[in-house]
file coords_8.cif (mmCIF, C-alpha atoms)
data_entry
#
loop_
_atom_site.label_atom_id
_atom_site.label_comp_id
_atom_site.auth_asym_id
_atom_site.auth_seq_id
_atom_site.Cartn_x
_atom_site.Cartn_y
_atom_site.Cartn_z
CA MET M 44 113.26 122.21 63.71
CA GLU M 45 112.05 121.45 67.23
CA ILE M 46 108.56 120.58 68.47
CA THR M 47 107.19 123.63 70.22
CA GLY M 48 105.99 123.33 73.78
CA TYR M 49 107.49 119.89 74.44
CA THR M 50 108.96 119.51 77.93
CA HIS M 51 111.57 116.83 78.54
CA LYS M 52 111.19 114.88 81.78
CA MET M 53 113.08 111.98 83.29
CA ALA M 54 111.13 108.85 84.15
CA ALA M 55 111.67 105.58 85.96
CA HIS M 56 110.76 103.41 82.96
CA CYS M 57 111.03 104.05 79.22
CA GLU M 58 107.58 102.85 78.09
CA SER M 59 105.49 104.40 80.86
CA GLY M 60 107.71 107.52 80.73
CA THR M 61 107.23 107.90 76.97
CA ILE M 62 103.45 107.48 77.16
CA THR M 63 103.28 109.95 80.07
CA SER M 64 105.29 112.51 78.06
CA LEU M 65 102.97 112.24 75.06
CA LEU M 66 99.85 112.54 77.24
CA ASN M 67 101.34 115.53 79.11
CA HIS M 68 102.29 117.23 75.84
CA GLY M 69 98.74 116.71 74.60
CA GLY M 70 97.44 118.51 77.70
CA MET M 71 96.57 115.68 80.09
CA GLU M 72 98.04 116.11 83.57
CA ILE M 73 98.95 112.58 84.60
CA THR M 74 101.96 111.11 86.43
CA GLU M 75 104.11 108.19 85.33
CA PRO M 76 103.04 105.96 88.28
CA LEU M 77 99.37 106.55 87.38
CA VAL M 78 100.06 105.58 83.76
CA PHE M 79 101.93 102.48 84.96
CA GLY M 80 99.15 101.43 87.34
CA ILE M 81 96.23 102.14 85.01
CA ALA M 82 98.04 100.15 82.32
CA GLY M 83 98.34 97.19 84.71
CA GLY M 84 102.14 97.33 84.44
CA ILE M 85 102.96 95.20 87.49
CA PHE M 86 103.38 91.48 86.84
CA PHE M 87 105.61 88.45 87.31
CA GLY M 88 106.52 85.64 84.96
CA TYR M 89 109.18 82.94 85.23
CA PHE M 90 110.42 81.23 82.07
CA HIS M 91 112.25 78.02 82.81
CA ARG M 92 114.04 77.30 79.55
CA MET M 93 111.72 77.84 76.66
CA LYS M 94 112.37 78.13 72.96
CA SER M 95 112.98 81.87 73.14
CA PHE M 96 114.78 81.71 76.52
CA PRO M 97 117.63 79.16 76.39
CA PHE M 98 118.49 80.02 80.01
CA PRO M 99 115.80 80.53 82.68
CA THR M 100 114.73 84.13 83.15
CA PHE M 101 111.88 86.19 84.58
CA ILE M 102 109.92 89.38 83.97
CA VAL M 103 108.47 91.83 86.48
CA ARG M 104 106.15 93.84 84.20
CA ASN M 105 103.55 93.24 81.53
CA LYS M 106 104.39 92.66 77.86
CA PRO M 107 106.06 95.58 76.01
CA GLY M 108 103.46 97.54 74.06
CA LYS M 109 100.63 96.56 76.43
CA MET M 110 100.93 99.78 78.43
CA ARG M 111 99.97 101.83 75.39
CA THR M 112 97.01 99.65 74.42
CA ASN M 113 95.74 99.41 78.01
CA ILE M 114 95.93 103.19 78.40
CA GLU M 115 93.88 103.55 75.20
CA LYS M 116 91.26 101.13 76.49
CA ARG M 117 91.01 102.51 80.02
CA LEU M 118 91.58 106.24 79.59
CA GLY M 119 89.90 106.63 76.23
CA ALA M 120 93.01 108.23 74.71
CA SER M 121 94.11 107.09 71.27
CA PHE M 122 97.53 106.70 69.69
CA LYS M 123 98.25 106.46 65.98
CA THR M 124 100.74 103.69 65.26
CA TYR M 125 102.90 102.89 62.21
CA ARG M 126 105.13 99.94 61.37
CA PHE M 127 107.37 99.70 58.29
CA ASN M 128 109.28 97.16 56.27
CA ASP M 129 111.11 99.84 54.30
CA PRO M 130 113.50 102.04 56.36
CA ALA M 131 113.26 104.88 53.81
CA ARG M 132 109.48 104.95 54.17
CA GLY M 133 109.88 104.83 57.96
CA LYS M 134 112.19 107.86 57.91
CA GLU M 135 109.92 109.76 55.54
CA LYS M 136 106.89 109.28 57.82
CA LEU M 137 108.85 110.28 60.92
CA ASP M 138 110.09 113.48 59.21
CA GLU M 139 106.59 114.25 57.98
CA LEU M 140 105.15 113.98 61.51
CA LEU M 141 107.94 116.08 63.00
CA ALA M 142 107.35 118.74 60.31
CA GLY M 143 103.74 118.76 61.48
CA ASN M 144 104.96 119.64 65.02
CA ILE M 145 104.03 116.20 66.40
CA PRO M 146 106.31 114.51 68.98
CA VAL M 147 106.76 110.88 67.92
CA ALA M 148 107.52 107.92 70.18
CA ALA M 149 109.79 105.28 68.64
CA GLN M 150 110.63 101.71 69.56
CA VAL M 151 114.37 101.08 69.13
CA ASP M 152 117.22 98.74 69.92
CA PHE M 153 118.91 100.52 72.88
CA PHE M 154 122.35 99.43 71.62
CA TYR M 155 122.33 101.95 68.77
CA MET M 156 121.52 104.96 70.95
CA ASP M 157 124.93 106.64 70.61
CA TYR M 158 124.20 109.20 73.30
CA VAL M 159 124.46 106.38 75.86
CA PRO M 160 128.04 105.59 76.99
CA SER M 161 129.24 102.49 75.12
CA TRP M 162 129.71 100.41 78.29
CA GLU M 163 126.05 100.86 79.20
CA ARG M 164 124.65 99.90 75.81
CA VAL M 165 123.03 96.48 75.43
CA HIS M 166 120.80 95.01 72.74
CA ILE M 167 117.22 95.52 73.93
CA ASN M 168 114.72 95.79 71.10
CA VAL M 169 111.98 97.29 73.24
CA HIS M 170 113.43 100.61 74.31
CA TYR M 171 111.10 103.59 73.84
CA MET M 172 111.92 107.29 73.48
CA VAL M 173 110.37 110.39 71.93
CA VAL M 174 111.74 112.10 68.81
CA THR M 175 111.13 115.80 69.27
CA GLY M 176 112.79 117.50 66.32
CA LYS M 177 115.45 117.45 63.64
CA ASP M 178 118.50 119.57 63.02
CA GLY M 179 120.19 118.63 59.72
CA ASP M 180 121.15 114.98 60.02
CA GLN M 181 120.61 114.95 63.78
CA TYR M 182 117.35 114.02 65.49
CA LEU M 183 116.45 115.55 68.84
CA ILE M 184 115.64 112.82 71.32
CA SER M 185 113.79 112.97 74.61
CA ASP M 186 114.93 109.76 76.32
CA SER M 187 113.41 109.47 79.78
CA TYR M 188 116.62 107.90 81.16
CA PHE M 189 118.53 111.12 80.48
CA PRO M 190 118.44 114.37 82.42
CA ARG M 191 118.35 116.47 79.24
CA MET M 192 117.38 116.27 75.56
CA VAL M 193 120.06 114.58 73.38
CA LYS M 194 120.93 114.33 69.67
CA LEU M 195 121.21 111.20 67.53
CA ASP M 196 122.32 110.96 63.90
CA SER M 197 119.86 109.56 61.39
CA ALA M 198 121.97 106.45 60.59
CA SER M 199 122.02 105.38 64.27
CA LEU M 200 118.31 106.04 64.66
CA GLU M 201 117.61 103.96 61.56
CA LYS M 202 119.78 101.08 62.86
CA GLY M 203 117.88 101.23 66.16
CA ARG M 204 114.45 101.38 64.51
CA PHE M 205 115.14 98.54 62.09
CA ALA M 206 117.30 96.22 64.21
CA GLY M 207 116.64 92.51 63.74
CA GLY M 208 116.12 89.77 66.31
CA THR M 209 113.44 88.94 68.87
CA MET M 210 110.74 91.63 69.16
CA SER M 211 112.38 93.57 66.34
CA PRO M 212 110.93 97.13 66.23
CA LYS M 213 110.22 97.16 62.46
CA GLY M 214 110.37 100.95 62.51
CA PHE M 215 107.49 101.14 64.98
CA ILE M 216 106.45 104.68 65.89
CA PHE M 217 103.39 106.16 67.52
CA HIS M 218 102.00 109.52 68.49
CA LEU M 219 99.04 110.84 70.40
CA GLY M 220 95.81 110.82 68.39
CA LYS M 221 93.16 112.25 70.64
CA LEU M 222 92.52 112.72 74.32
CA PRO M 223 89.17 112.16 76.02
CA ALA M 224 87.33 115.36 76.93
CA GLU M 225 86.85 114.17 80.51
CA PRO M 226 88.92 111.12 81.37
CA ASP M 227 87.35 108.93 84.06
CA LEU M 228 90.49 108.39 86.17
CA ASN M 229 88.57 106.65 88.96
CA ARG M 230 87.22 103.96 86.63
CA ALA M 231 90.55 103.59 84.81
CA ILE M 232 92.42 103.10 88.10
CA LEU M 233 89.99 100.45 89.34
CA LYS M 234 90.17 98.59 86.00
CA GLY M 235 93.98 98.68 86.11
CA ILE M 236 94.07 97.34 89.67
CA SER M 237 91.51 94.68 88.91
CA GLN M 238 93.56 93.41 85.97
CA ALA M 239 96.79 93.39 87.99
CA CYS M 240 95.11 91.33 90.73
CA PHE M 241 93.66 88.88 88.22
CA TYR M 242 97.00 88.42 86.45
CA MET M 243 98.92 87.96 89.69
CA LEU M 244 96.41 85.68 91.44
CA LYS M 245 94.23 83.87 88.98
CA LEU M 246 95.93 83.19 85.64
CA PRO M 247 95.72 79.42 85.21
CA ILE M 248 99.32 79.17 83.98
CA PRO M 249 101.92 77.68 86.36
CA PHE M 250 104.73 80.12 85.53
CA LEU M 251 102.81 83.41 85.65
CA GLY M 252 101.85 85.63 88.59
CA ILE M 253 102.33 84.35 92.14
CA LYS M 254 102.66 80.80 90.78
CA GLY M 255 105.58 82.08 88.70
CA ILE M 256 107.34 83.50 91.78
CA ARG M 257 106.92 80.12 93.51
CA MET M 258 108.29 78.31 90.47
CA PHE M 259 111.26 80.71 90.39
CA ALA M 260 111.93 80.03 94.10
CA LYS M 261 112.01 76.28 93.47
CA LYS M 262 113.78 76.15 90.12
CA ILE M 263 116.65 78.52 90.95
CA ASN M 264 118.30 75.49 92.58
CA ASP M 265 118.50 73.85 89.12
CA TRP M 266 120.27 76.76 87.43
CA PRO M 267 123.83 75.36 87.79
CA ALA M 268 122.80 72.38 85.62
CA PHE M 269 122.01 74.71 82.72
CA ALA M 270 125.13 76.87 82.95
CA ARG M 271 128.18 76.17 80.77
CA ASP M 272 130.53 77.03 83.65
CA THR M 273 130.81 79.14 86.82
CA GLU M 274 131.37 82.28 84.76
CA HIS M 275 128.10 81.71 82.89
CA LEU M 276 126.22 80.96 86.12
CA SER M 277 127.63 84.16 87.71
CA HIS M 278 126.44 86.16 84.72
CA GLU M 279 122.92 84.71 84.92
CA ILE M 280 122.63 85.18 88.71
CA MET M 281 123.86 88.77 88.31
CA LYS M 282 120.99 89.28 85.86
CA ILE M 283 118.58 88.86 88.82
CA ASN M 284 120.08 92.03 90.24
CA ILE M 285 119.90 93.81 86.88
CA LEU M 286 116.30 92.78 86.13
CA LEU M 287 115.11 93.86 89.58
CA GLU M 288 117.15 96.93 90.26
CA ASP M 289 118.73 98.32 87.13
CA GLN M 290 117.59 101.36 85.24
CA GLY M 291 114.13 100.99 83.77
CA THR M 292 112.35 99.12 86.53
CA GLY M 293 111.63 102.06 88.81
CA GLY M 294 113.51 100.10 91.49
CA ALA M 295 112.98 96.67 93.07
CA GLY M 296 111.15 95.18 90.14
CA PHE M 297 108.58 97.98 89.58
CA ARG M 298 107.11 97.36 93.07
CA TYR M 299 108.09 100.86 94.29
CA MET M 300 106.48 102.52 91.27
CA TYR M 301 103.25 100.54 91.76
CA ALA M 302 103.30 101.53 95.46
CA THR M 303 103.49 105.20 94.41
CA PHE M 304 100.59 104.56 92.03
CA LEU M 305 98.49 103.18 94.90
CA GLN M 306 99.29 106.20 97.04
CA GLN M 307 98.09 108.55 94.28
CA ALA M 308 95.13 106.27 93.52
CA ALA M 309 93.99 106.45 97.17
CA SER M 310 93.18 110.14 96.94
CA ILE M 311 91.66 110.00 93.44
CA THR M 312 89.36 107.06 94.21
CA GLY M 313 88.63 108.06 97.81
CA LYS M 314 89.75 104.62 99.01
CA PRO M 315 92.14 105.31 101.93
CA GLN M 316 92.92 101.60 102.32
CA LEU M 317 95.02 101.87 99.14
CA LYS M 318 97.45 104.08 101.07
CA GLY M 319 98.05 101.32 103.63
CA LEU M 320 98.53 98.81 100.83
CA SER M 321 101.02 101.19 99.23
CA SER M 322 103.18 101.04 102.39
CA GLU M 323 102.87 97.25 102.40
CA LEU M 324 104.07 97.06 98.79
CA MET M 325 107.01 99.36 99.57
CA LYS M 326 108.10 96.73 102.13
CA ILE M 327 107.66 93.98 99.52
CA GLY M 328 109.85 96.10 97.22
CA ASP M 329 112.47 96.17 99.99
CA GLY M 330 112.30 92.36 100.00
CA TRP M 331 113.04 92.23 96.26
CA ARG M 332 115.86 94.72 96.80
CA GLU M 333 117.32 92.35 99.44
CA ILE M 334 117.13 89.53 96.86
CA SER M 335 118.79 91.73 94.28
CA LEU M 336 121.60 92.56 96.69
CA PHE M 337 121.94 88.94 97.87
CA SER M 338 122.30 87.79 94.22
CA ALA M 339 124.94 90.42 93.48
CA ARG M 340 126.78 89.60 96.71
CA ILE M 341 127.04 85.83 96.04
CA VAL M 342 128.31 86.58 92.53
CA LYS M 343 130.87 89.04 93.86
CA ASN M 344 132.06 86.55 96.49
CA ARG M 345 131.96 83.64 93.99
CA ASP M 346 129.70 81.84 96.46
CA LEU M 347 127.35 80.05 94.07
CA GLY M 348 127.09 76.68 95.78
CA PRO M 349 123.82 74.82 96.55
CA ALA M 350 123.52 76.40 100.03
CA SER M 351 123.59 79.96 98.62
CA LEU M 352 121.10 79.10 95.88
CA LYS M 353 118.79 77.46 98.41
CA GLU M 354 118.96 80.58 100.57
CA LEU M 355 118.18 82.70 97.50
CA GLY M 356 115.26 80.41 96.61
CA ASP M 357 113.91 80.65 100.17
CA LYS M 358 114.03 84.44 100.03
CA ILE M 359 112.13 84.40 96.71
CA GLY M 360 109.59 81.98 98.21
CA LEU M 361 108.91 84.46 101.03
CA GLN M 362 108.21 87.13 98.40
CA ALA M 363 105.61 84.84 96.80
CA GLY M 364 103.75 84.59 100.12
CA ALA M 365 103.95 88.33 100.73
CA GLU M 366 102.75 89.20 97.21
CA GLU M 367 99.90 86.69 97.38
CA ALA M 368 98.62 88.23 100.63
CA PHE M 369 99.11 91.73 99.21
CA PHE M 370 97.18 91.15 95.96
CA LYS M 371 94.37 89.40 97.83
CA SER M 372 94.00 92.46 100.07
CA LEU M 373 94.22 94.77 97.05
CA SER M 374 91.54 92.80 95.27
CA LYS M 375 89.24 93.15 98.33
CA ALA M 376 90.00 96.87 98.66
CA ILE M 377 88.54 97.73 95.26
CA ARG M 378 85.36 95.67 95.58
CA MET W 270 117.68 123.50 103.47
CA THR W 271 119.69 122.75 106.61
CA GLU W 272 123.38 122.60 105.71
CA PRO W 273 125.07 119.23 106.36
CA THR W 274 127.45 119.38 109.34
CA PRO W 275 130.98 117.90 109.36
CA GLU W 276 129.70 115.46 112.02
CA LEU W 277 127.00 114.15 109.67
CA LYS W 278 129.54 113.70 106.87
CA LEU W 279 131.85 111.76 109.19
CA GLU W 280 128.91 109.62 110.31
CA ILE W 281 128.15 108.84 106.63
CA LYS W 282 131.76 107.88 105.91
CA ASN W 283 131.75 105.57 108.93
CA LEU W 284 128.42 104.09 107.84
CA ILE W 285 129.78 103.37 104.34
CA MET W 286 132.93 101.79 105.70
CA SER W 287 131.20 99.64 108.29
CA THR W 288 128.53 98.54 105.78
CA LEU W 289 131.16 97.52 103.24
CA SER W 290 133.63 96.21 105.86
CA ILE W 291 136.34 98.63 104.72
CA THR W 292 139.04 98.84 107.37
CA ASP W 293 142.09 100.13 105.48
CA VAL W 294 140.86 103.66 104.74
CA ASN W 295 140.96 106.63 107.10
CA PRO W 296 137.66 108.59 106.96
CA ALA W 297 139.69 111.82 106.83
CA ASP W 298 141.15 110.67 103.50
CA VAL W 299 137.72 110.36 101.87
CA ASP W 300 136.99 113.48 99.83
CA ASP W 301 133.49 114.78 100.63
CA ASP W 302 132.78 115.91 97.09
CA ALA W 303 134.69 113.39 94.92
CA PRO W 304 132.66 110.59 93.27
CA LEU W 305 132.49 107.42 95.34
CA PHE W 306 132.31 105.32 92.18
CA GLY W 307 134.74 104.89 89.31
CA GLY W 308 137.93 105.99 91.11
CA GLY W 309 139.14 109.44 92.11
CA ASN W 310 138.46 108.92 95.81
CA ALA W 311 140.04 106.99 98.68
CA LEU W 312 136.98 104.70 98.45
CA THR W 313 136.47 102.99 95.10
CA LEU W 314 133.06 101.40 95.06
CA ASP W 315 130.98 99.46 92.54
CA SER W 316 127.27 99.13 91.70
CA VAL W 317 126.73 96.33 94.25
CA ASP W 318 128.17 98.61 96.94
CA ALA W 319 125.70 101.29 95.80
CA ILE W 320 122.72 99.06 96.69
CA GLU W 321 124.37 98.22 100.04
CA ILE W 322 124.71 101.95 100.78
CA ILE W 323 121.11 102.71 99.72
CA MET W 324 119.86 100.01 102.09
CA ALA W 325 122.15 101.16 104.90
CA ILE W 326 120.79 104.73 104.55
CA GLN W 327 117.25 103.34 104.82
CA ARG W 328 118.10 101.22 107.88
CA THR W 329 120.02 103.97 109.69
CA TYR W 330 118.07 107.12 108.82
CA GLY W 331 114.70 105.66 107.78
CA PHE W 332 114.68 107.28 104.33
CA ARG W 333 113.89 104.95 101.42
CA ILE W 334 115.41 105.83 98.03
CA ALA W 335 112.94 104.10 95.75
CA ASP W 336 113.55 106.06 92.55
CA GLN W 337 116.62 104.92 90.65
CA ASN W 338 117.32 108.28 89.06
CA LEU W 339 117.35 109.80 92.54
CA ALA W 340 119.44 106.90 93.85
CA ARG W 341 122.17 107.60 91.29
CA GLU W 342 122.26 111.26 92.36
CA VAL W 343 122.20 110.53 96.09
CA VAL W 344 125.03 108.00 96.25
CA ARG W 345 127.34 110.05 94.01
CA SER W 346 129.43 111.42 96.92
CA VAL W 347 129.48 111.88 100.69
CA ASN W 348 128.19 115.44 100.19
CA SER W 349 125.23 114.31 98.04
CA ILE W 350 124.25 111.68 100.65
CA ALA W 351 124.51 114.30 103.42
CA ARG W 352 122.37 116.77 101.43
CA PHE W 353 119.73 114.06 100.85
CA ILE W 354 119.54 113.26 104.57
CA CYS W 355 119.23 116.96 105.50
CA GLU W 356 116.50 117.50 102.87
CA GLN W 357 114.54 114.49 104.12
CA ARG W 358 114.87 115.61 107.75
CA ASP W 359 113.68 119.10 106.79
CA LEU W 360 110.66 117.57 105.01
CA GLN W 361 109.89 115.44 108.06
CA ASN W 362 110.04 118.45 110.36
CA ALA W 363 108.07 120.76 108.07
#
call {"tool": "encode", "arguments": {"input": "coords_8.cif", "output": "structure tokens"}}
result
Amino acid sequence: MEITGYTHKMAAHCESGTITSLLNHGGMEITEPLVFGIAGGIFFGYFHRMKSFPFPTFIVRNKPGKMRTNIEKRLGASFKTYRFNDPARGKEKLDELLAGNIPVAAQVDFFYMDYVPSWERVHINVHYMVVTGKDGDQYLISDSYFPRMVKLDSASLEKGRFAGGTMSPKGFIFHLGKLPAEPDLNRAILKGISQACFYMLKLPIPFLGIKGIRMFAKKINDWPAFARDTEHLSHEIMKINILLEDQGTGGAGFRYMYATFLQQAASITGKPQLKGLSSELMKIGDGWREISLFSARIVKNRDLGPASLKELGDKIGLQAGAEEAFFKSLSKAIR
Amino acid sequence: MTEPTPELKLEIKNLIMSTLSITDVNPADVDDDAPLFGGGNALTLDSVDAIEIIMAIQRTYGFRIADQNLAREVVRSVNSIARFICEQRDLQNA
């Protein structure tokens, strides 16, 4: 059995791609960058050794799950959500929804997605994809990272849906409830931008937003003290490249996707200045890409001494200045 | 779409080799259609090299490859890079 009328599309990011697919299937014409921007997806946070992060790390987007709830708030769409303790009950509900011709988004641990080559699979409990049908023991999966629809056996899907650990999915699934008759895109876009500016410029927390980028720039020099050995430090520095540039970020830490959002937002809101800001953010994205490449290069050359880390920190510091100026201009542009 | 010329393909091979400081490979030995990554070509590159090439394409031809799905397709081979450049030039001239 396969959901009728569902069209598989690739996307830059799993959560925004999944939400876009469900909205498109429900009849709303909206692009992934618009979903990302309206949901206030762009962000920065630096976590310098906390309980849940034994080694410093950073994020470049808002909290997983927030995109869905922000889209509900700002677009007036609604999603029905379900969470389970019992895997059997979770499977039963999924099958029931599929039998009702409803595409269902699921949160899974990426590691158990057998259609991904084994060398690419890592444990990430917040991967999203859409289940679009069932054929015997095989589920049909629309995973936005793949060029075509794939199949996954029920045991692997269950392992993915009920994996343990931080941010464990607990069988979480959701599907589109209702769509607004006339979505107010203009208002939703301005709300999304306003939130992004507030979070980047004004959160009174020293490790979030622009302050977080500055903290990252300074604290990267301390990373060797936390590493077990050079191998461990190499691995952690390489993660900078992965977090900024690897699949799922839309490229250069989501900055390119947000720039595309601003370009589309300019014509919808009739604010041409957003187009100029889009070009500015593309350049900031290039800066993050340089940092990503620089990190990978020093790992490859085993050049992880204090001078290299200082240079890396200086490059990150420049990004903080550029992003601060950018978000200030963006904030003015929507007033 | 304008078809990529042999001159453009040679230019791309030279760009890749100068960007990655590869001096021990003859451009003529690089297969235009074979994957640049994972073996099977005179050039055997890795994911870090891929970002270097993406940035070199932007610097040299002025075309930014922001989308990662597109990036994977573009840097697959010399031919795919050449096709991307021709497509972008056609779009610019349209």
call {"tool": "residues_around", "arguments": {"input": "coords_8.cif", "residues": "Ala270 (chain M)", "least_positions_apart": "5", "cutoff": "12 Å", "atoms": "all atoms listed in the file", "output": "PyMOL selection string"}}
result
chain M and resi 92+97-99+263-265+275-280+347
call {"tool": "residues_around", "arguments": {"input": "coords_8.cif", "residues": "region 314-327 of chain W", "least_positions_apart": "3", "cutoff": "10 Å", "atoms": "all atoms listed in the file", "output": "JSON, numbers by chain"}}
result
{"M": [284, 288, 289, 329, 332, 333, 335, 336, 337, 338, 339, 340, 343], "W": [281, 284, 285, 286, 287, 288, 289, 304, 305, 306, 307, 308, 310, 311, 330, 331, 332, 333, 334, 335, 340, 341, 343, 344, 345, 350, 354]}
call {"tool": "closest_atom_pairs", "arguments": {"input": "coords_8.cif", "of": "chain M", "to": "chain W", "cutoff": "12 Å", "atoms": "all atoms listed in the file", "output": "Markdown table"}}
result
| residue | atom | partner | partner_atom | distance |
| --- | --- | --- | --- | --- |
| M:Lys52 | CA | W:Asn338 | CA | 11.6 |
| M:Met53 | CA | W:Asn338 | CA | 8.1 |
| M:Ala54 | CA | W:Asn338 | CA | 7.9 |
| M:Ala55 | CA | W:Gln337 | CA | 6.9 |
| M:His56 | CA | W:Gln337 | CA | 9.8 |
| M:Pro76 | CA | W:Asp336 | CA | 11.3 |
| M:Ser187 | CA | W:Asn338 | CA | 10.1 |
| M:Tyr188 | CA | W:Asn338 | CA | 7.9 |
| M:Phe189 | CA | W:Asn338 | CA | 9.1 |
| M:Pro190 | CA | W:Asn338 | CA | 9.1 |
| M:Met281 | CA | W:Val317 | CA | 10.0 |
| M:Asn284 | CA | W:Val317 | CA | 8.9 |
| M:Ile285 | CA | W:Ser316 | CA | 10.3 |
| M:Leu287 | CA | W:Gln337 | CA | 11.2 |
| M:Glu288 | CA | W:Gln337 | CA | 8.0 |
| M:Asp289 | CA | W:Gln337 | CA | 7.8 |
| M:Gln290 | CA | W:Gln337 | CA | 6.5 |
| M:Gly291 | CA | W:Gln337 | CA | 8.3 |
| M:Thr292 | CA | W:Gln337 | CA | 8.3 |
| M:Gly293 | CA | W:Asp336 | CA | 5.8 |
| M:Gly294 | CA | W:Gln337 | CA | 5.8 |
| M:Ala295 | CA | W:Ala335 | CA | 7.9 |
| M:Gly296 | CA | W:Ala335 | CA | 10.7 |
| M:Phe297 | CA | W:Ala335 | CA | 9.7 |
| M:Arg298 | CA | W:Ala335 | CA | 9.3 |
| M:Tyr299 | CA | W:Ala335 | CA | 6.0 |
| M:Met300 | CA | W:Asp336 | CA | 8.0 |
| M:Tyr301 | CA | W:Ala335 | CA | 11.1 |
| M:Ala302 | CA | W:Ala335 | CA | 10.0 |
| M:Thr303 | CA | W:Ala335 | CA | 9.6 |
| M:Ser322 | CA | W:Arg333 | CA | 11.4 |
| M:Leu324 | CA | W:Ala335 | CA | 11.7 |
| M:Met325 | CA | W:Ala335 | CA | 8.5 |
| M:Lys326 | CA | W:Arg333 | CA | 10.1 |
| M:Gly328 | CA | W:Ala335 | CA | 8.7 |
| M:Asp329 | CA | W:Met324 | CA | 8.6 |
| M:Gly330 | CA | W:Met324 | CA | 11.0 |
| M:Trp331 | CA | W:Ile320 | CA | 11.9 |
| M:Arg332 | CA | W:Ile320 | CA | 8.1 |
| M:Glu333 | CA | W:Met324 | CA | 8.5 |
| M:Ile334 | CA | W:Ile320 | CA | 11.0 |
| M:Ser335 | CA | W:Ile320 | CA | 8.7 |
| M:Leu336 | CA | W:Ile320 | CA | 6.6 |
| M:Phe337 | CA | W:Val317 | CA | 9.5 |
| M:Ser338 | CA | W:Val317 | CA | 9.6 |
| M:Ala339 | CA | W:Val317 | CA | 6.2 |
| M:Arg340 | CA | W:Val317 | CA | 7.2 |
| M:Ile341 | CA | W:Val317 | CA | 10.7 |
| M:Val342 | CA | W:Val317 | CA | 10.0 |
| M:Lys343 | CA | W:Val317 | CA | 8.4 |
| M:Asn344 | CA | W:Val317 | CA | 11.4 |
call {"tool": "axis_aligned_box", "arguments": {"input": "coords_8.cif", "around": "region 118-133 of chain M", "padding_each_side": "5 Å", "output": "lines of an AutoDock Vina configuration file"}}
result
center_x = 101.7
center_y = 102.7
center_z = 66.7
size_x = 33.6
size_y = 21.1
size_z = 35.8
call {"tool": "residues_around", "arguments": {"input": "coords_8.cif", "residues": "Arg378 (chain M)", "least_positions_apart": "5", "cutoff": "10 Å", "atoms": "all atoms listed in the file", "output": "PyMOL selection string"}}
result
chain M and resi 233+237+373
call {"tool": "resolve_selection", "arguments": {"input": "coords_8.cif", "expression": "the PyMOL selection byres ((chain M and resi 108) around 10)", "output": "JSON, numbers by chain"}}
result
{"M": [58, 59, 105, 106, 107, 109, 110, 111, 112, 113, 150, 169, 171]}
call {"tool": "atom_distance", "arguments": {"input": "coords_8.cif", "atom1": "CA of Glu115 (chain M)", "atom2": "CA of Lys371 (chain M)"}}
result
26.7 Å
call {"tool": "atom_distance", "arguments": {"input": "coords_8.cif", "atom1": "CA of Glu201 (chain M)", "atom2": "CA of Ser64 (chain M)"}}
result
22.3 Å
call {"tool": "resolve_selection", "arguments": {"input": "coords_8.cif", "expression": "the PyMOL selection byres ((chain M and resi 157-164) around 12)", "output": "JSON, numbers by chain"}}
result
{"M": [152, 153, 154, 155, 156, 165, 166, 167, 168, 170, 181, 182, 183, 184, 185, 186, 188, 189, 190, 191, 192, 193, 194, 195, 196, 197, 198, 199, 200, 201, 202, 203, 289, 290]}
call {"tool": "write_last_selection", "arguments": {"input": "coords_8.cif", "atoms": "C-alpha atoms", "output": "mmCIF file, in the frame of the given file"}}
result
data_model
loop_
_atom_site.group_PDB
_atom_site.id
_atom_site.type_symbol
_atom_site.label_atom_id
_atom_site.label_comp_id
_atom_site.auth_asym_id
_atom_site.auth_seq_id
_atom_site.Cartn_x
_atom_site.Cartn_y
_atom_site.Cartn_z
ATOM 1 C CA ASP M 152 117.220 98.740 69.920
ATOM 2 C CA PHE M 153 118.910 100.520 72.880
ATOM 3 C CA PHE M 154 122.350 99.430 71.620
ATOM 4 C CA TYR M 155 122.330 101.950 68.770
ATOM 5 C CA MET M 156 121.520 104.960 70.950
ATOM 6 C CA VAL M 165 123.030 96.480 75.430
ATOM 7 C CA HIS M 166 120.800 95.010 72.740
ATOM 8 C CA ILE M 167 117.220 95.520 73.930
ATOM 9 C CA ASN M 168 114.720 95.790 71.100
ATOM 10 C CA HIS M 170 113.430 100.610 74.310
ATOM 11 C CA GLN M 181 120.610 114.950 63.780
ATOM 12 C CA TYR M 182 117.350 114.020 65.490
ATOM 13 C CA LEU M 183 116.450 115.550 68.840
ATOM 14 C CA ILE M 184 115.640 112.820 71.320
ATOM 15 C CA SER M 185 113.790 112.970 74.610
ATOM 16 C CA ASP M 186 114.930 109.760 76.320
ATOM 17 C CA TYR M 188 116.620 107.900 81.160
ATOM 18 C CA PHE M 189 118.530 111.120 80.480
ATOM 19 C CA PRO M 190 118.440 114.370 82.420
ATOM 20 C CA ARG M 191 118.350 116.470 79.240
ATOM 21 C CA MET M 192 117.380 116.270 75.560
ATOM 22 C CA VAL M 193 120.060 114.580 73.380
ATOM 23 C CA LYS M 194 120.930 114.330 69.670
ATOM 24 C CA LEU M 195 121.210 111.200 67.530
ATOM 25 C CA ASP M 196 122.320 110.960 63.900
ATOM 26 C CA SER M 197 119.860 109.560 61.390
ATOM 27 C CA ALA M 198 121.970 106.450 60.590
ATOM 28 C CA SER M 199 122.020 105.380 64.270
ATOM 29 C CA LEU M 200 118.310 106.040 64.660
ATOM 30 C CA GLU M 201 117.610 103.960 61.560
ATOM 31 C CA LYS M 202 119.780 101.080 62.860
ATOM 32 C CA GLY M 203 117.880 101.230 66.160
ATOM 33 C CA ASP M 289 118.730 98.320 87.130
ATOM 34 C CA GLN M 290 117.590 101.360 85.240
#
